[in-house]
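This report concerns only the one structure given below.
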Amino acid sequence: MKERKKKVMLVFGTRPEAIKMAPLVREFERRSDCFETLVCVTGQHRQLLDQVLRIFDIAPRYDLDIMKQGQDLYDVTSRVLYGMRDVLDEACPDVVLVHGDTTTSTAAALAAFYRQIPVGHVEAGLRTHDIYSPWPEEMNRQLTGRIATWHFSPTSLSRKNLLDEGVDSGHILVTGNTVIDALYHVVGRIADDVALAASLDAQLCAAGYDPSRLDAMRRLVLITGHRRENFGEGFISMCRAIKALAVKYPDTDFVFPMHLNPNVRRPIREVFGSDAGSLGNMFFIEPLEYLSFVRLMERSTLVLTDSGGIQEEAPGLGKPVLVMRDTTERPEAVEAGTVKLVGTSYERITSEVSRLLSDTSAYAEMAQAVNPYGDGYACRRIADFLEKQEDFCGKRKAID
Ligand code: UD1
Ligand code: UDP
């Protein structure tokens with residue numbers, strides 16, 4: 001008798017989850033003899049999510065469309081939970097896959113649990129062990145880990161974190177991070193297609209930064225920031241440091257694709273006012289589509305960020321990363337020497353960036369391409385694992 005296909009639902013809602021789940025969607029779709037693939041997006045991010053769906057050509061079956069301007073954690077949690085109730089009732093998946101540490105992931109995992117549908121956690125086991133740093137992400141990932149049946153850990157360290165919490169070793173698989181699958185795919189596409197590279201440069205120009213400015217003499221510091229725990233004073237201090245650096249290094253361009261969160265844009269306006277334009281080397285631009293962002297990251301001298309995903313991507317491209325946070329759940333690249341935590345203090349940010357821009361041997365030490373986060377085959381490993389799972393279909397029970 002022919003086995004019934006396993007119905008896999010992938011749920012995501014923000015830009016980084018979409019980038020990291022996109023190659024997994026493709027992997028399951030390729031195995032259509034074994035899996036029925038359903039994509040459900042929550043729309044926790046609207047514009048940033050849609051950019052990624054467009055690039056990877058993903059058409060979700062379900063879209064909860066929950067985003068509200070200035071949404072808080074209660075809004076996101078409750079809207080995802082209620083939205084998922086109806087989606088799960090209609091779709092009846094055999095397994096729900098969620099990613100990482102967003103509120104979409106945790107609320108979707110909880111919704112699946114309430115229907116007794118097993119959850120697979122992609123990017124499982126990252127920990128800072130400080131529930132307020134990053135906030136709310138550390139608690140989100142711990143809660144999702146508690147709910148999940150299967151844990152797809154990017155590294156052996158993240159596997160160890162789960163073992164230390166008592167998770168059964170047979171339920172953890174070290175896969176590498178799917179972001180490396182996405183990154184390699186995009187880097188390969190850009191390298192193989194001169195017309196695509198040219199069109200990305202044109203996109204960058206249209207977004208407000210002309211990359212042809214970069215030559216042997218002109219360097220690029222690429223900046224992003226969006227962490228909730230840095231809002232307020234942390235962001236003001238980061239912006240003041242960036243402004244001082246832009247004044248000190250007129251031969252270096254500072255490019256900041258701004259997250260759409262108003263809490264990111266407010267301090268930028270407050271610190272820079274109308275000065276950014278007059279500096280001549282400071283560029284605040286709209287968030288870039290993933291391909292143009294990767295193109296810019298490849299051409300950067302160093303990256304200054306509080307992002308999680310960029311801490312994983314930039315080391316693979318040999319770019320030093322200064323992380324504007326006090327903790328990281330991704331210590332592997334710190335140990336490898338390409339990532340350094342610098343917090344949000346004005347003094348520390350200005351001194352560490354200055355060191356990399358003025359001391360060639362300090363720069364060379366950090367600019368080694370290392371990739372502790374994967375080999376580009378994470379998605380294949382996850383799909384292989386789920387393909388082999390028995391006792392998989394038919395677990396779902398209606399309980400109300
Ligand atoms: C969310 C995640 C964070 C992740 C980050 C990636 C939570 C609690 N936070 O934070 O873990 O690192 O995404 O970027 O899950 N906005 C738009 N359009 C968009 C996206 C955001 O207008 O496409 C604005 C809206 O005003 C929205 C606000 O940004 O209310 C905040 O979005 P939200 O998802 O709540 O928080 P992020 O800071 O983006
Ligand atoms: N990114 C992008 N465009 C941008 C900034 C970032 O495509 O303008 C990508 C980046 O390459 C990485 C992901 O978005 O893959 C990181 O998202 P973000 O920093 O918002 O979230 P985090 O990783 O911190 O959760």
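Residues in the structure tokens are named by chain (A, B, ... in the order shown) and by number from 1 within that chain; ligands are numbered from 1 in the order shown.
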
- prompt: Where in region 289-375 of chain A does DSSP assign helix (DSSP H, G or I), given as number ranges by chain?
  reply: A: 290-298, 308-316, 332-336, 346-358, 360-366

message: Using only C-alpha atoms and all ligand atoms, which residues have at least one atom no more than 7 Å from ligand 1? Output them as an NGL selection string.
response: :A and (14-16 or 44-49 or 67-73 or 76 or 101-104 or 136-137 or 226-228 or 260-262 or 307-308)

Each residue of chain A with at least one atom at most 7 Å from ligand 2 should appear once, together with its nearest atom pair and the corresponding distance in Å (one decimal); atoms considered: only C-alpha atoms and all ligand atoms; ordering: chain, then increasing residue number; output as a tab-separated table.
```
residue	atom	partner	partner_atom_place_in_ligand_line	distance
A:Arg15	CA	ligand 2	17 (O)	5.8
A:Pro16	CA	ligand 2	17 (O)	4.3
A:Ile19	CA	ligand 2	15 (O)	6.0
A:Val179	CA	ligand 2	15 (O)	6.9
A:Thr224	CA	ligand 2	5 (C)	6.5
A:Gly225	CA	ligand 2	19 (O)	6.9
A:His226	CA	ligand 2	20 (O)	6.8
A:Pro257	CA	ligand 2	8 (O)	4.9
A:Met258	CA	ligand 2	8 (O)	6.7
A:His259	CA	ligand 2	20 (O)	6.9
A:Pro287	CA	ligand 2	8 (O)	3.7
A:Leu288	CA	ligand 2	8 (O)	3.8
A:Glu289	CA	ligand 2	7 (O)	4.9
A:Tyr290	CA	ligand 2	7 (O)	3.3
A:Leu291	CA	ligand 2	7 (O)	6.9
A:Phe293	CA	ligand 2	3 (N)	5.0
A:Val294	CA	ligand 2	11 (O)	6.0
A:Asp306	CA	ligand 2	24 (O)	6.5
A:Ser307	CA	ligand 2	24 (O)	3.3
A:Gly308	CA	ligand 2	23 (O)	3.8
A:Gly309	CA	ligand 2	23 (O)	3.5
A:Ile310	CA	ligand 2	12 (C)	5.0
A:Glu313	CA	ligand 2	11 (O)	6.9
```

- request: Measuring atom to atom with only C-alpha atoms, identify which of A:His121, A:Arg189, A:Arg127, A:Leu304 is nearest to Leu173 (chain A).
  value: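 Of A:His121, A:Arg189, A:Arg127, A:Leu304, the one nearest Leu173 (chain A), counting only C-alpha atoms, is A:His121.
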
Can you tell me, as a compact mmCIF listing (two decimals) with C-alpha atoms, in the first residue's frame, which residues in region 113-288 of chain A count as strand (DSSP E or B) by DSSP?
```txt
# COMPACT_ATOMS: atom_id res chain seq x y z
CA VAL A 119 6.38 20.86 16.38
CA GLY A 120 9.81 20.87 14.75
CA HIS A 121 12.02 23.74 15.87
CA VAL A 122 14.46 24.99 13.24
CA TRP A 150 12.12 17.72 17.16
CA HIS A 151 15.02 20.14 17.50
CA PHE A 152 17.14 21.10 14.50
CA SER A 153 20.25 22.63 15.99
CA ILE A 172 18.02 16.59 18.33
CA LEU A 173 19.74 16.79 14.97
CA VAL A 174 22.74 19.03 14.25
CA ARG A 219 35.67 51.79 2.48
CA LEU A 220 32.22 50.79 3.62
CA VAL A 221 30.84 50.24 7.11
CA LEU A 222 27.47 48.52 6.84
CA ILE A 223 25.15 49.13 9.80
CA THR A 224 21.86 47.65 11.01
CA THR A 252 34.68 55.78 4.63
CA ASP A 253 31.01 55.42 3.76
CA PHE A 254 28.59 54.52 6.55
CA VAL A 255 25.44 52.90 5.16
CA PHE A 256 22.48 52.15 7.42
CA PRO A 257 19.50 50.36 5.83
CA MET A 282 26.48 58.90 5.89
CA PHE A 283 23.60 57.13 4.12
CA PHE A 284 20.33 56.23 5.79
CA ILE A 285 18.40 54.12 3.33
```

- prompt: If we count only C-alpha atoms, what is near Thr344 (chain A) at a cut-off of 8 Å, once residues fewer than 2 positions away on the same chain are taken out, given as number ranges by chain?
  reply: A: 230, 234-235, 237-238, 324-326, 342, 346, 348-349

Residues of the last selection are to be written out with N, CA, C and O atoms, as a PDB file, in the first residue's frame.
```
ATOM      1  N   ASN A 230      17.528  47.471  23.047  1.00  0.00           N
ATOM      2  CA  ASN A 230      18.390  48.638  22.819  1.00  0.00           C
ATOM      3  C   ASN A 230      17.598  49.926  22.600  1.00  0.00           C
ATOM      4  O   ASN A 230      18.191  51.007  22.487  1.00  0.00           O
ATOM      5  N   GLY A 234      20.063  53.105  24.497  1.00  0.00           N
ATOM      6  CA  GLY A 234      21.030  52.301  23.726  1.00  0.00           C
ATOM      7  C   GLY A 234      21.124  52.795  22.292  1.00  0.00           C
ATOM      8  O   GLY A 234      22.211  52.981  21.743  1.00  0.00           O
ATOM      9  N   PHE A 235      19.969  53.029  21.679  1.00  0.00           N
ATOM     10  CA  PHE A 235      19.963  53.476  20.284  1.00  0.00           C
ATOM     11  C   PHE A 235      20.542  54.879  20.131  1.00  0.00           C
ATOM     12  O   PHE A 235      21.250  55.170  19.173  1.00  0.00           O
ATOM     13  N   SER A 237      22.803  56.246  21.962  1.00  0.00           N
ATOM     14  CA  SER A 237      24.246  56.139  22.111  1.00  0.00           C
ATOM     15  C   SER A 237      24.878  55.536  20.842  1.00  0.00           C
ATOM     16  O   SER A 237      25.922  55.992  20.354  1.00  0.00           O
ATOM     17  N   MET A 238      24.224  54.522  20.265  1.00  0.00           N
ATOM     18  CA  MET A 238      24.724  53.934  19.014  1.00  0.00           C
ATOM     19  C   MET A 238      24.759  54.991  17.915  1.00  0.00           C
ATOM     20  O   MET A 238      25.762  55.118  17.179  1.00  0.00           O
ATOM     21  N   MET A 324      26.542  45.166  18.464  1.00  0.00           N
ATOM     22  CA  MET A 324      26.154  46.173  19.462  1.00  0.00           C
ATOM     23  C   MET A 324      25.180  45.554  20.465  1.00  0.00           C
ATOM     24  O   MET A 324      24.012  45.923  20.560  1.00  0.00           O
ATOM     25  N   ARG A 325      25.687  44.575  21.187  1.00  0.00           N
ATOM     26  CA  ARG A 325      24.922  43.903  22.247  1.00  0.00           C
ATOM     27  C   ARG A 325      25.919  43.461  23.305  1.00  0.00           C
ATOM     28  O   ARG A 325      27.119  43.370  23.045  1.00  0.00           O
ATOM     29  N   ASP A 326      25.381  43.121  24.514  1.00  0.00           N
ATOM     30  CA  ASP A 326      26.267  42.669  25.598  1.00  0.00           C
ATOM     31  C   ASP A 326      26.373  41.158  25.650  1.00  0.00           C
ATOM     32  O   ASP A 326      27.263  40.616  26.297  1.00  0.00           O
ATOM     33  N   VAL A 342      30.458  44.518  21.290  1.00  0.00           N
ATOM     34  CA  VAL A 342      30.922  45.846  21.703  1.00  0.00           C
ATOM     35  C   VAL A 342      29.874  46.612  22.506  1.00  0.00           C
ATOM     36  O   VAL A 342      30.128  47.755  22.916  1.00  0.00           O
ATOM     37  N   TYR A 346      28.924  54.508  23.627  1.00  0.00           N
ATOM     38  CA  TYR A 346      29.539  55.403  22.641  1.00  0.00           C
ATOM     39  C   TYR A 346      31.039  55.142  22.551  1.00  0.00           C
ATOM     40  O   TYR A 346      31.604  54.978  21.464  1.00  0.00           O
ATOM     41  N   ARG A 348      32.915  52.547  23.453  1.00  0.00           N
ATOM     42  CA  ARG A 348      33.340  51.233  22.963  1.00  0.00           C
ATOM     43  C   ARG A 348      33.116  51.113  21.449  1.00  0.00           C
ATOM     44  O   ARG A 348      33.979  50.641  20.720  1.00  0.00           O
ATOM     45  N   ILE A 349      31.965  51.605  20.980  1.00  0.00           N
ATOM     46  CA  ILE A 349      31.692  51.494  19.533  1.00  0.00           C
ATOM     47  C   ILE A 349      32.712  52.323  18.754  1.00  0.00           C
ATOM     48  O   ILE A 349      33.320  51.850  17.794  1.00  0.00           O
TER      49      ILE A 349
END
```
